[in-house]
>>> print(open('query.json').read())   # JSON, C-alpha atoms and all ligand atoms
[["chain", "number", "residue", "atom", "x", "y", "z"],
["K", 1, "MET", "CA", 87.72, 113.08, 103.19],
["K", 2, "LYS", "CA", 89.98, 110.10, 102.51],
["K", 3, "GLU", "CA", 90.69, 109.17, 98.91],
["K", 4, "LEU", "CA", 92.34, 106.51, 96.78],
["K", 5, "LYS", "CA", 93.91, 107.15, 93.41],
["K", 6, "ILE", "CA", 93.66, 104.36, 90.85],
["K", 7, "LEU", "CA", 95.57, 104.15, 87.57],
["K", 8, "TYR", "CA", 93.86, 102.03, 84.93],
["K", 9, "LEU", "CA", 96.37, 100.92, 82.30],
["K", 10, "TYR", "CA", 95.41, 100.43, 78.66],
["K", 11, "PRO", "CA", 91.61, 100.38, 79.18],
["K", 12, "ASP", "CA", 91.07, 100.40, 75.42],
["K", 13, "ILE", "CA", 93.36, 97.41, 74.82],
["K", 14, "LEU", "CA", 93.24, 95.24, 77.93],
["K", 15, "GLU", "CA", 89.59, 94.59, 78.75],
["K", 16, "LEU", "CA", 88.21, 91.07, 78.63],
["K", 17, "TYR", "CA", 85.27, 89.38, 80.35],
["K", 18, "GLY", "CA", 84.36, 92.39, 82.48],
["K", 19, "ASP", "CA", 87.82, 93.37, 83.69],
["K", 20, "PHE", "CA", 86.63, 97.00, 83.90],
["K", 21, "GLY", "CA", 84.10, 95.78, 86.47],
["K", 22, "ASN", "CA", 86.96, 95.52, 88.95],
["K", 23, "ILE", "CA", 87.45, 99.29, 88.80],
["K", 24, "GLN", "CA", 83.70, 99.84, 89.15],
["K", 25, "VAL", "CA", 83.58, 97.58, 92.21],
["K", 26, "LEU", "CA", 86.46, 99.40, 93.89],
["K", 27, "LYS", "CA", 84.80, 102.76, 93.20],
["K", 28, "TYR", "CA", 81.44, 101.51, 94.50],
["K", 29, "ARG", "CA", 82.89, 100.07, 97.71],
["K", 30, "LEU", "CA", 84.96, 103.18, 98.36],
["K", 31, "GLU", "CA", 82.14, 105.64, 97.76],
["K", 32, "LYS", "CA", 79.72, 103.64, 99.94],
["K", 33, "ARG", "CA", 82.20, 104.40, 102.72],
["K", 34, "ASN", "CA", 82.54, 108.08, 101.83],
["K", 35, "ILE", "CA", 86.01, 107.59, 100.46],
["K", 36, "LYS", "CA", 86.76, 109.45, 97.26],
["K", 37, "CYS", "CA", 87.88, 107.37, 94.31],
["K", 38, "ILE", "CA", 89.95, 109.03, 91.61],
["K", 39, "ILE", "CA", 90.43, 106.99, 88.44],
["K", 40, "ASP", "CA", 93.00, 108.02, 85.85],
["K", 41, "GLN", "CA", 93.58, 106.14, 82.65],
["K", 42, "TYR", "CA", 96.71, 105.63, 80.62],
["K", 43, "THR", "CA", 97.02, 104.24, 77.13],
["K", 44, "ILE", "CA", 99.49, 104.38, 74.24],
["K", 45, "GLY", "CA", 100.18, 107.98, 73.22],
["K", 46, "ASP", "CA", 99.31, 109.53, 76.60],
["K", 47, "ASN", "CA", 101.87, 111.31, 78.78],
["K", 48, "GLU", "CA", 103.93, 109.04, 81.01],
["K", 49, "PRO", "CA", 101.99, 108.32, 84.18],
["K", 50, "HIS", "CA", 103.61, 108.98, 87.57],
["K", 51, "PHE", "CA", 103.17, 105.47, 88.90],
["K", 52, "CYS", "CA", 104.31, 106.39, 92.40],
["K", 53, "ASP", "CA", 101.49, 108.97, 92.74],
["K", 54, "TYR", "CA", 98.90, 106.20, 92.73],
["K", 55, "ASP", "CA", 97.62, 103.88, 95.43],
["K", 56, "LEU", "CA", 96.61, 101.17, 93.01],
["K", 57, "VAL", "CA", 97.50, 100.28, 89.45],
["K", 58, "PHE", "CA", 95.14, 98.00, 87.53],
["K", 59, "ALA", "CA", 95.54, 96.27, 84.17],
["K", 60, "GLY", "CA", 93.30, 93.65, 82.57],
["K", 61, "GLY", "CA", 93.60, 90.85, 80.06],
["K", 62, "GLY", "CA", 94.02, 90.82, 76.32],
["K", 63, "ALA", "CA", 94.68, 88.50, 73.42],
["K", 64, "ASP", "CA", 98.21, 87.82, 72.09],
["K", 65, "GLN", "CA", 97.83, 90.45, 69.36],
["K", 66, "GLU", "CA", 96.98, 93.20, 71.84],
["K", 67, "GLN", "CA", 99.71, 92.07, 74.18],
["K", 68, "SER", "CA", 102.37, 92.37, 71.50],
["K", 69, "ILE", "CA", 101.22, 95.92, 70.65],
["K", 70, "LEU", "CA", 101.24, 97.28, 74.15],
["K", 71, "ALA", "CA", 104.27, 95.37, 75.43],
["K", 72, "LYS", "CA", 106.51, 97.68, 73.40],
["K", 73, "ASP", "CA", 104.96, 100.67, 75.14],
["K", 74, "LEU", "CA", 104.89, 99.12, 78.61],
["K", 75, "VAL", "CA", 108.63, 98.37, 78.68],
["K", 76, "ASN", "CA", 109.33, 102.13, 78.48],
["K", 77, "TYR", "CA", 108.05, 102.36, 82.04],
["K", 78, "LYS", "CA", 109.89, 99.35, 83.42],
["K", 79, "ASN", "CA", 112.02, 101.29, 85.91],
["K", 80, "ASN", "CA", 109.20, 103.50, 87.12],
["K", 81, "ILE", "CA", 106.90, 100.52, 87.54],
["K", 82, "LYS", "CA", 109.59, 98.69, 89.53],
["K", 83, "LYS", "CA", 110.02, 101.76, 91.72],
["K", 84, "ALA", "CA", 106.26, 102.01, 92.35],
["K", 85, "ILE", "CA", 106.12, 98.32, 93.32],
["K", 86, "ASP", "CA", 109.07, 98.80, 95.68],
["K", 87, "ASN", "CA", 107.32, 101.84, 97.17],
["K", 88, "GLY", "CA", 104.30, 99.68, 97.96],
["K", 89, "VAL", "CA", 101.83, 100.81, 95.30],
["K", 90, "PHE", "CA", 99.32, 97.96, 94.90],
["K", 91, "PHE", "CA", 99.26, 96.30, 91.47],
["K", 92, "LEU", "CA", 96.28, 94.16, 90.42],
["K", 93, "LEU", "CA", 97.10, 92.44, 87.14],
["K", 94, "ILE", "CA", 94.72, 90.20, 85.26],
["K", 95, "CYS", "CA", 95.70, 87.51, 82.76],
["K", 96, "GLY", "CA", 97.46, 89.22, 79.81],
["K", 97, "ALA", "CA", 98.81, 91.96, 82.10],
["K", 98, "TYR", "CA", 99.88, 89.37, 84.68],
["K", 99, "GLN", "CA", 101.88, 87.56, 81.98],
["K", 100, "LEU", "CA", 103.61, 90.77, 80.86],
["K", 101, "PHE", "CA", 105.04, 91.47, 84.33],
["K", 102, "GLY", "CA", 107.09, 88.29, 84.07],
["K", 103, "LYS", "CA", 110.14, 87.55, 81.94],
["K", 104, "TYR", "CA", 108.34, 86.91, 78.67],
["K", 105, "TYR", "CA", 105.29, 85.52, 76.95],
["K", 106, "LYS", "CA", 105.83, 83.07, 74.11],
["K", 107, "ASP", "CA", 102.73, 83.00, 71.93],
["K", 108, "VAL", "CA", 101.20, 80.10, 69.95],
["K", 109, "ASN", "CA", 103.37, 80.89, 66.94],
["K", 110, "GLY", "CA", 106.53, 80.83, 69.01],
["K", 111, "ASN", "CA", 106.98, 84.63, 68.95],
["K", 112, "ILE", "CA", 108.48, 86.00, 72.13],
["K", 113, "ILE", "CA", 106.86, 89.07, 73.64],
["K", 114, "PRO", "CA", 109.36, 90.46, 76.15],
["K", 115, "GLY", "CA", 107.91, 91.11, 79.59],
["K", 116, "LEU", "CA", 108.79, 93.78, 82.12],
["K", 117, "GLU", "CA", 110.92, 91.23, 84.01],
["K", 118, "VAL", "CA", 109.71, 92.64, 87.29],
["K", 119, "PHE", "CA", 109.23, 89.04, 88.43],
["K", 120, "ASP", "CA", 111.00, 85.92, 87.27],
["K", 121, "TYR", "CA", 108.04, 83.82, 86.16],
["K", 122, "TYR", "CA", 107.49, 83.27, 82.43],
["K", 123, "THR", "CA", 104.64, 82.13, 80.22],
["K", 124, "GLU", "CA", 104.54, 79.92, 77.15],
["K", 125, "ALA", "CA", 101.48, 79.07, 75.10],
["K", 126, "ILE", "CA", 101.31, 75.49, 73.87],
["K", 127, "ASN", "CA", 101.44, 75.39, 70.08],
["K", 128, "ASP", "CA", 97.87, 74.28, 69.61],
["K", 129, "ARG", "CA", 95.41, 77.15, 69.34],
["K", 130, "LYS", "CA", 92.50, 74.92, 70.38],
["K", 131, "LYS", "CA", 94.04, 73.92, 73.71],
["K", 132, "ARG", "CA", 93.30, 76.59, 76.28],
["K", 133, "CYS", "CA", 92.50, 76.71, 79.97],
["K", 134, "ILE", "CA", 88.90, 77.85, 79.73],
["K", 135, "GLY", "CA", 86.14, 77.85, 82.29],
["K", 136, "ASN", "CA", 85.14, 78.71, 85.79],
["K", 137, "ILE", "CA", 87.73, 78.49, 88.51],
["K", 138, "VAL", "CA", 87.74, 78.50, 92.31],
["K", 139, "ILE", "CA", 90.88, 78.94, 94.38],
["K", 140, "ASP", "CA", 91.69, 79.09, 98.08],
["K", 141, "VAL", "CA", 93.47, 82.34, 98.89],
["K", 142, "THR", "CA", 94.97, 83.41, 102.19],
["K", 143, "LEU", "CA", 94.37, 87.07, 103.00],
["K", 144, "ASN", "CA", 95.70, 88.30, 106.35],
["K", 145, "ASP", "CA", 95.91, 84.74, 107.74],
["K", 146, "THR", "CA", 92.34, 83.95, 106.72],
["K", 147, "THR", "CA", 91.61, 81.55, 103.90],
["K", 148, "THR", "CA", 88.82, 82.49, 101.56],
["K", 149, "LYS", "CA", 87.48, 81.06, 98.32],
["K", 150, "VAL", "CA", 88.02, 83.26, 95.29],
["K", 151, "ILE", "CA", 85.83, 82.61, 92.24],
["K", 152, "GLY", "CA", 86.55, 83.64, 88.65],
["K", 153, "PHE", "CA", 86.66, 82.70, 85.00],
["K", 154, "GLU", "CA", 89.84, 81.82, 83.12],
["K", 155, "ASN", "CA", 90.62, 81.74, 79.42],
["K", 156, "HIS", "CA", 94.30, 81.50, 78.57],
["K", 157, "GLY", "CA", 96.55, 79.49, 76.30],
["K", 158, "GLY", "CA", 99.60, 80.69, 78.20],
["K", 159, "GLN", "CA", 101.09, 78.33, 80.78],
["K", 160, "THR", "CA", 102.93, 80.19, 83.50],
["K", 161, "PHE", "CA", 106.05, 78.65, 85.05],
["K", 162, "ASN", "CA", 108.44, 79.43, 87.88],
["K", 163, "ILE", "CA", 105.95, 80.90, 90.30],
["K", 164, "SER", "CA", 107.51, 81.20, 93.74],
["K", 165, "THR", "CA", 104.53, 82.69, 95.57],
["K", 166, "PRO", "CA", 101.17, 81.74, 94.04],
["K", 167, "PHE", "CA", 97.97, 83.69, 94.61],
["K", 168, "GLY", "CA", 95.95, 80.62, 95.52],
["K", 169, "ASN", "CA", 95.49, 76.86, 95.54],
["K", 170, "VAL", "CA", 93.19, 75.53, 92.85],
["K", 171, "LEU", "CA", 89.98, 73.83, 94.03],
["K", 172, "TYR", "CA", 88.25, 73.81, 90.64],
["K", 173, "GLY", "CA", 89.61, 74.74, 87.22],
["K", 174, "ASN", "CA", 93.17, 74.91, 85.90],
["K", 175, "GLY", "CA", 95.29, 77.75, 87.30],
["K", 176, "ASN", "CA", 98.74, 78.73, 86.06],
["K", 177, "LYS", "CA", 98.92, 75.67, 83.81],
["K", 178, "PHE", "CA", 96.59, 72.87, 82.72],
["K", 179, "GLY", "CA", 95.58, 70.96, 85.85],
["K", 180, "ASP", "CA", 97.84, 73.01, 88.10],
["K", 181, "THR", "CA", 97.46, 73.11, 91.86],
["K", 182, "HIS", "CA", 98.50, 76.76, 91.94],
["K", 183, "GLU", "CA", 96.99, 79.88, 90.46],
["K", 184, "GLY", "CA", 98.44, 83.35, 89.95],
["K", 185, "PHE", "CA", 101.17, 85.22, 91.75],
["K", 186, "PHE", "CA", 100.94, 87.12, 95.05],
["K", 187, "LEU", "CA", 103.78, 89.00, 96.64],
["K", 188, "ASN", "CA", 103.14, 91.75, 99.18],
["K", 189, "ASN", "CA", 101.44, 94.47, 97.14],
["K", 190, "VAL", "CA", 101.16, 92.63, 93.82],
["K", 191, "ILE", "CA", 98.46, 90.21, 92.71],
["K", 192, "GLY", "CA", 98.73, 88.68, 89.26],
["K", 193, "THR", "CA", 95.91, 86.30, 88.38],
["K", 194, "TYR", "CA", 94.18, 84.57, 85.49],
["K", 195, "LEU", "CA", 90.80, 85.26, 87.08],
["K", 196, "HIS", "CA", 88.46, 87.43, 85.05],
["K", 197, "GLY", "CA", 84.86, 87.52, 85.82],
["K", 198, "PRO", "CA", 85.04, 90.36, 86.98],
["K", 199, "LEU", "CA", 87.13, 89.16, 89.86],
["K", 200, "LEU", "CA", 86.18, 91.70, 92.51],
["K", 201, "SER", "CA", 82.39, 91.61, 92.08],
["K", 202, "LYS", "CA", 82.42, 87.87, 92.79],
["K", 203, "ASN", "CA", 84.85, 88.30, 95.67],
["K", 204, "PRO", "CA", 83.98, 91.30, 97.85],
["K", 205, "GLU", "CA", 86.37, 90.10, 100.57],
["K", 206, "LEU", "CA", 89.25, 90.41, 98.12],
["K", 207, "ALA", "CA", 88.07, 93.86, 97.03],
["K", 208, "ASP", "CA", 88.06, 94.99, 100.66],
["K", 209, "TYR", "CA", 91.45, 93.41, 101.32],
["K", 210, "ILE", "CA", 92.91, 95.52, 98.49],
["K", 211, "ILE", "CA", 91.07, 98.67, 99.62],
["K", 212, "LYS", "CA", 92.24, 98.25, 103.22],
["K", 213, "HIS", "CA", 95.81, 97.52, 102.12],
["K", 214, "CYS", "CA", 95.88, 100.73, 100.07],
["K", 215, "LEU", "CA", 94.26, 102.89, 102.76],
["K", 216, "ASP", "CA", 96.49, 101.55, 105.55],
["K", 217, "ARG", "CA", 99.58, 102.33, 103.50],
["K", 218, "LYS", "CA", 98.41, 105.78, 102.44],
["K", 219, "TYR", "CA", 97.17, 106.96, 105.84],
["K", 220, "ASN", "CA", 99.59, 104.90, 107.91],
["K", 221, "GLU", "CA", 96.88, 103.48, 110.14],
["K", 222, "ASN", "CA", 95.02, 100.24, 110.70],
["K", 223, "ILE", "CA", 91.68, 101.15, 109.17],
["K", 224, "ILE", "CA", 88.57, 99.15, 110.07],
["K", 225, "LEU", "CA", 86.41, 99.21, 106.99],
["K", 226, "GLU", "CA", 82.71, 99.81, 107.55],
["K", 227, "SER", "CA", 80.98, 96.58, 106.50],
["K", 228, "LEU", "CA", 78.71, 96.75, 103.48],
["K", 229, "ASP", "CA", 75.57, 94.84, 102.66],
["K", 230, "ASP", "CA", 76.91, 92.02, 100.47],
["K", 231, "LYS", "CA", 73.74, 89.92, 100.64],
["K", 232, "PHE", "CA", 73.38, 89.54, 96.87],
["K", 233, "GLU", "CA", 77.10, 88.99, 96.32],
["K", 234, "ASN", "CA", 77.07, 86.25, 98.96],
["K", 235, "LEU", "CA", 73.94, 84.60, 97.54],
["K", 236, "CYS", "CA", 75.65, 84.53, 94.16],
["K", 237, "ARG", "CA", 78.82, 83.13, 95.71],
["K", 238, "ASP", "CA", 76.93, 80.38, 97.54],
["K", 239, "GLN", "CA", 75.24, 79.35, 94.32],
["K", 240, "LEU", "CA", 78.48, 79.33, 92.31],
["K", 241, "LEU", "CA", 80.45, 77.48, 94.98],
["K", 242, "ASN", "CA", 77.70, 74.91, 95.25],
["K", 243, "GLN", "CA", 77.67, 74.49, 91.48],
["K", 244, "PHE", "CA", 81.45, 74.17, 91.10],
["K", 245, "LEU", "CA", 82.56, 72.40, 94.26],
["K", 246, "THR", "CA", 79.72, 69.99, 95.04],
["K", 247, "PRO", "CA", 79.84, 66.75, 93.06],
["K", 248, "HIS", "CA", 76.62, 66.47, 91.01],
["K", 249, "ASN", "CA", 75.70, 63.08, 89.61],
["E", 1, "LIG", "N1", 96.95, 85.97, 75.42],
["E", 1, "LIG", "C1", 97.03, 85.36, 76.64],
["E", 1, "LIG", "C2", 96.75, 83.87, 76.64],
["E", 1, "LIG", "O1", 95.93, 83.39, 75.88],
["E", 1, "LIG", "C3", 96.15, 86.11, 77.63],
["E", 1, "LIG", "C4", 94.68, 85.92, 77.45],
["E", 1, "LIG", "C5", 93.83, 86.72, 78.40],
["E", 1, "LIG", "O2", 94.25, 87.80, 78.85],
["E", 1, "LIG", "N2", 92.64, 86.24, 78.71],
["E", 1, "LIG", "O3", 97.38, 83.18, 77.41]]
>>> encode(input="query.json", output="structure tokens")
Amino acid sequence: MKELKILYLYPDILELYGDFGNIQVLKYRLEKRNIKCIIDQYTIGDNEPHFCDYDLVFAGGGADQEQSILAKDLVNYKNNIKKAIDNGVFFLLICGAYQLFGKYYKDVNGNIIPGLEVFDYYTEAINDRKKRCIGNIVIDVTLNDTTTKVIGFENHGGQTFNISTPFGNVLYGNGNKFGDTHEGFFLNNVIGTYLHGPLLSKNPELADYIIKHCLDRKYNENIILESLDDKFENLCRDQLLNQFLTPHN
């Protein structure tokens, strides 16, 4: 029986707007295909995880306060995380976690939370607590040469700069900054995105892209995933896309 091993980082600290749902969706879609899904968790105080032993590492979003607490812990693993990324382990990073993989996050009060500096983007919150990128968002994402619409929900004060390879082009919502045309960061086996929602339940195609990527790497083959009945997911998507992308007078 094939299996995928997932590491869920800081589940007790980084969990906003259904981020945990992403793990549940991966597990559901794997088990429907008779693929075992092992989920390990790591949080502050636990033994150092062996990042390279995993197929996928997931971390969700969190407010500035939580970010500053865990950033001190996360930097201990900087080298091992870099190694895992170089080895091809897939990293799915949402919002607060996405920010912490860059150079730094400067919060509303001007405090700098150092990032892992795995990538050279950086994030700065504008110094007005009331101004945040909040709301539904739709982006165009290219997965294996096919463009698909990815739907989510964003809520961030942080404005992310110096993105060389964005995750998607914004069709509705803000993205990396207020009124940006780009959202997130996507490089080979790393997706960093502001999209909560949970992201993968609204975007089964993206969930399967990640699953296939991880299985292909692990088993060194070009796996054809058995298709699943996504009738309800697609009905929901149609409704949301119609609501967000069609002009209503
Ligand atoms: N604290 C960050 C910001 O407001 C991240 C928020 C989040 O993870 N939703 O930019």
>>> axis_aligned_box(input="query.json", around="ligand LIG 1 (chain E)", padding_each_side="4 Å", output="AutoDock Vina command-line options")
--center_x 95.0 --center_y 85.5 --center_z 77.1 --size_x 12.7 --size_y 12.6 --size_z 11.4
>>> residues_near_point(input="query.json", point="(105.3, 98.0, 97.4)", cutoff="10 Å", atoms="all atoms listed in the file", output="list in words")
Cys52, Asp55, Lys82, Lys83, Ala84, Ile85, Asp86, Asn87, Gly88, Val89, Phe90, Phe91, Leu187, Asn188, Asn189, Val190 and Arg217 of chain K
>>> residues_around(input="query.json", residues="K:Ile44", least_positions_apart="4", cutoff="8 Å", atoms="all atoms listed in the file", output="list of chain:residue names")
K:Tyr10, K:Leu70, K:Asp73
>>> residues_around(input="query.json", residues="K:Thr148", least_positions_apart="5", cutoff="12 Å", atoms="only C-alpha atoms", output="ChimeraX atom specification")
/K:138-143,167-171,203-206,209,237,241
>>> write_last_selection(input="query.json", atoms="C-alpha atoms", output="mmCIF file, in the coordinates of the input")
data_model
loop_
_atom_site.group_PDB
_atom_site.id
_atom_site.type_symbol
_atom_site.label_atom_id
_atom_site.label_comp_id
_atom_site.auth_asym_id
_atom_site.auth_seq_id
_atom_site.Cartn_x
_atom_site.Cartn_y
_atom_site.Cartn_z
ATOM 1 C CA VAL K 138 87.740 78.500 92.310
ATOM 2 C CA ILE K 139 90.880 78.940 94.380
ATOM 3 C CA ASP K 140 91.690 79.090 98.080
ATOM 4 C CA VAL K 141 93.470 82.340 98.890
ATOM 5 C CA THR K 142 94.970 83.410 102.190
ATOM 6 C CA LEU K 143 94.370 87.070 103.000
ATOM 7 C CA PHE K 167 97.970 83.690 94.610
ATOM 8 C CA GLY K 168 95.950 80.620 95.520
ATOM 9 C CA ASN K 169 95.490 76.860 95.540
ATOM 10 C CA VAL K 170 93.190 75.530 92.850
ATOM 11 C CA LEU K 171 89.980 73.830 94.030
ATOM 12 C CA ASN K 203 84.850 88.300 95.670
ATOM 13 C CA PRO K 204 83.980 91.300 97.850
ATOM 14 C CA GLU K 205 86.370 90.100 100.570
ATOM 15 C CA LEU K 206 89.250 90.410 98.120
ATOM 16 C CA TYR K 209 91.450 93.410 101.320
ATOM 17 C CA ARG K 237 78.820 83.130 95.710
ATOM 18 C CA LEU K 241 80.450 77.480 94.980
#
>>> residues_near_ligand(input="query.json", ligand="ligand LIG 1 (chain E)", cutoff="6 Å", atoms="all atoms listed in the file", output="VMD selection string")
chain K and resid 61 to 64 95 to 96 155 to 158
>>> write_last_selection(input="query.json", atoms="C-alpha atoms", output="tab-separated table (two decimals), in the frame of the given file")
chain	number	residue	atom	x	y	z
K	61	GLY	CA	93.60	90.85	80.06
K	62	GLY	CA	94.02	90.82	76.32
K	63	ALA	CA	94.68	88.50	73.42
K	64	ASP	CA	98.21	87.82	72.09
K	95	CYS	CA	95.70	87.51	82.76
K	96	GLY	CA	97.46	89.22	79.81
K	155	ASN	CA	90.62	81.74	79.42
K	156	HIS	CA	94.30	81.50	78.57
K	157	GLY	CA	96.55	79.49	76.30
K	158	GLY	CA	99.60	80.69	78.20
>>> decode(input="query.json", residues="stretch 35-100 of chain K", atoms="C-alpha atoms", output="mmCIF file, in the first residue's frame")
data_model
loop_
_atom_site.group_PDB
_atom_site.id
_atom_site.type_symbol
_atom_site.label_atom_id
_atom_site.label_comp_id
_atom_site.auth_asym_id
_atom_site.auth_seq_id
_atom_site.Cartn_x
_atom_site.Cartn_y
_atom_site.Cartn_z
ATOM 1 C CA ILE K 35 -3.274 5.451 -0.057
ATOM 2 C CA LYS K 36 -2.273 5.589 3.579
ATOM 3 C CA CYS K 37 -1.942 9.027 5.120
ATOM 4 C CA ILE K 38 0.308 9.444 8.130
ATOM 5 C CA ILE K 39 0.016 12.778 9.929
ATOM 6 C CA ASP K 40 2.592 13.811 12.517
ATOM 7 C CA GLN K 41 2.441 17.054 14.408
ATOM 8 C CA TYR K 42 5.185 19.263 15.739
ATOM 9 C CA THR K 43 4.885 22.152 18.133
ATOM 10 C CA ILE K 44 7.105 24.051 20.578
ATOM 11 C CA GLY K 45 8.659 21.677 23.113
ATOM 12 C CA ASP K 46 8.456 18.558 20.929
ATOM 13 C CA ASN K 47 11.533 16.704 19.669
ATOM 14 C CA GLU K 48 13.057 18.115 16.502
ATOM 15 C CA PRO K 49 11.209 16.712 13.508
ATOM 16 C CA HIS K 50 13.171 14.994 10.723
ATOM 17 C CA PHE K 51 11.901 17.206 7.930
ATOM 18 C CA CYS K 52 13.476 15.088 5.202
ATOM 19 C CA ASP K 53 11.466 12.012 6.316
ATOM 20 C CA TYR K 54 8.246 13.667 5.195
ATOM 21 C CA ASP K 55 6.572 14.012 1.820
ATOM 22 C CA LEU K 56 4.723 17.163 2.744
ATOM 23 C CA VAL K 57 5.109 19.822 5.401
ATOM 24 C CA PHE K 58 2.112 22.021 6.178
ATOM 25 C CA ALA K 59 1.813 25.167 8.297
ATOM 26 C CA GLY K 60 -1.145 27.526 8.624
ATOM 27 C CA GLY K 61 -1.757 31.149 9.494
ATOM 28 C CA GLY K 62 -1.614 33.041 12.747
ATOM 29 C CA ALA K 63 -1.782 36.536 14.157
ATOM 30 C CA ASP K 64 1.349 38.664 14.772
ATOM 31 C CA GLN K 65 1.498 37.638 18.434
ATOM 32 C CA GLU K 66 1.568 33.924 17.603
ATOM 33 C CA GLN K 67 4.046 34.500 14.819
ATOM 34 C CA SER K 68 6.511 36.208 17.139
ATOM 35 C CA ILE K 69 6.288 33.321 19.637
ATOM 36 C CA LEU K 70 6.898 30.530 17.193
ATOM 37 C CA ALA K 71 9.397 32.344 14.957
ATOM 38 C CA LYS K 72 12.027 31.939 17.676
ATOM 39 C CA ASP K 73 11.441 28.201 17.661
ATOM 40 C CA LEU K 74 11.201 27.848 13.886
ATOM 41 C CA VAL K 75 14.598 29.436 13.216
ATOM 42 C CA ASN K 76 16.255 26.553 15.109
ATOM 43 C CA TYR K 77 15.323 24.345 12.172
ATOM 44 C CA LYS K 78 16.383 26.714 9.412
ATOM 45 C CA ASN K 79 19.116 24.471 7.989
ATOM 46 C CA ASN K 80 17.065 21.297 8.156
ATOM 47 C CA ILE K 81 14.093 23.004 6.542
ATOM 48 C CA LYS K 82 16.328 24.317 3.746
ATOM 49 C CA LYS K 83 17.694 20.812 3.231
ATOM 50 C CA ALA K 84 14.189 19.321 3.058
ATOM 51 C CA ILE K 85 13.137 21.928 0.481
ATOM 52 C CA ASP K 86 16.259 21.196 -1.579
ATOM 53 C CA ASN K 87 15.487 17.470 -1.335
ATOM 54 C CA GLY K 88 12.051 18.121 -2.844
ATOM 55 C CA VAL K 89 9.803 17.763 0.202
ATOM 56 C CA PHE K 90 6.609 19.687 -0.612
ATOM 57 C CA PHE K 91 5.881 22.688 1.629
ATOM 58 C CA LEU K 92 2.383 24.191 1.753
ATOM 59 C CA LEU K 93 2.493 27.397 3.772
ATOM 60 C CA ILE K 94 -0.510 29.548 4.538
ATOM 61 C CA CYS K 95 -0.445 33.243 5.409
ATOM 62 C CA GLY K 96 1.507 33.658 8.684
ATOM 63 C CA ALA K 97 3.677 30.625 7.862
ATOM 64 C CA TYR K 98 4.196 31.879 4.300
ATOM 65 C CA GLN K 99 5.464 35.199 5.691
ATOM 66 C CA LEU K 100 7.906 33.480 8.065
#
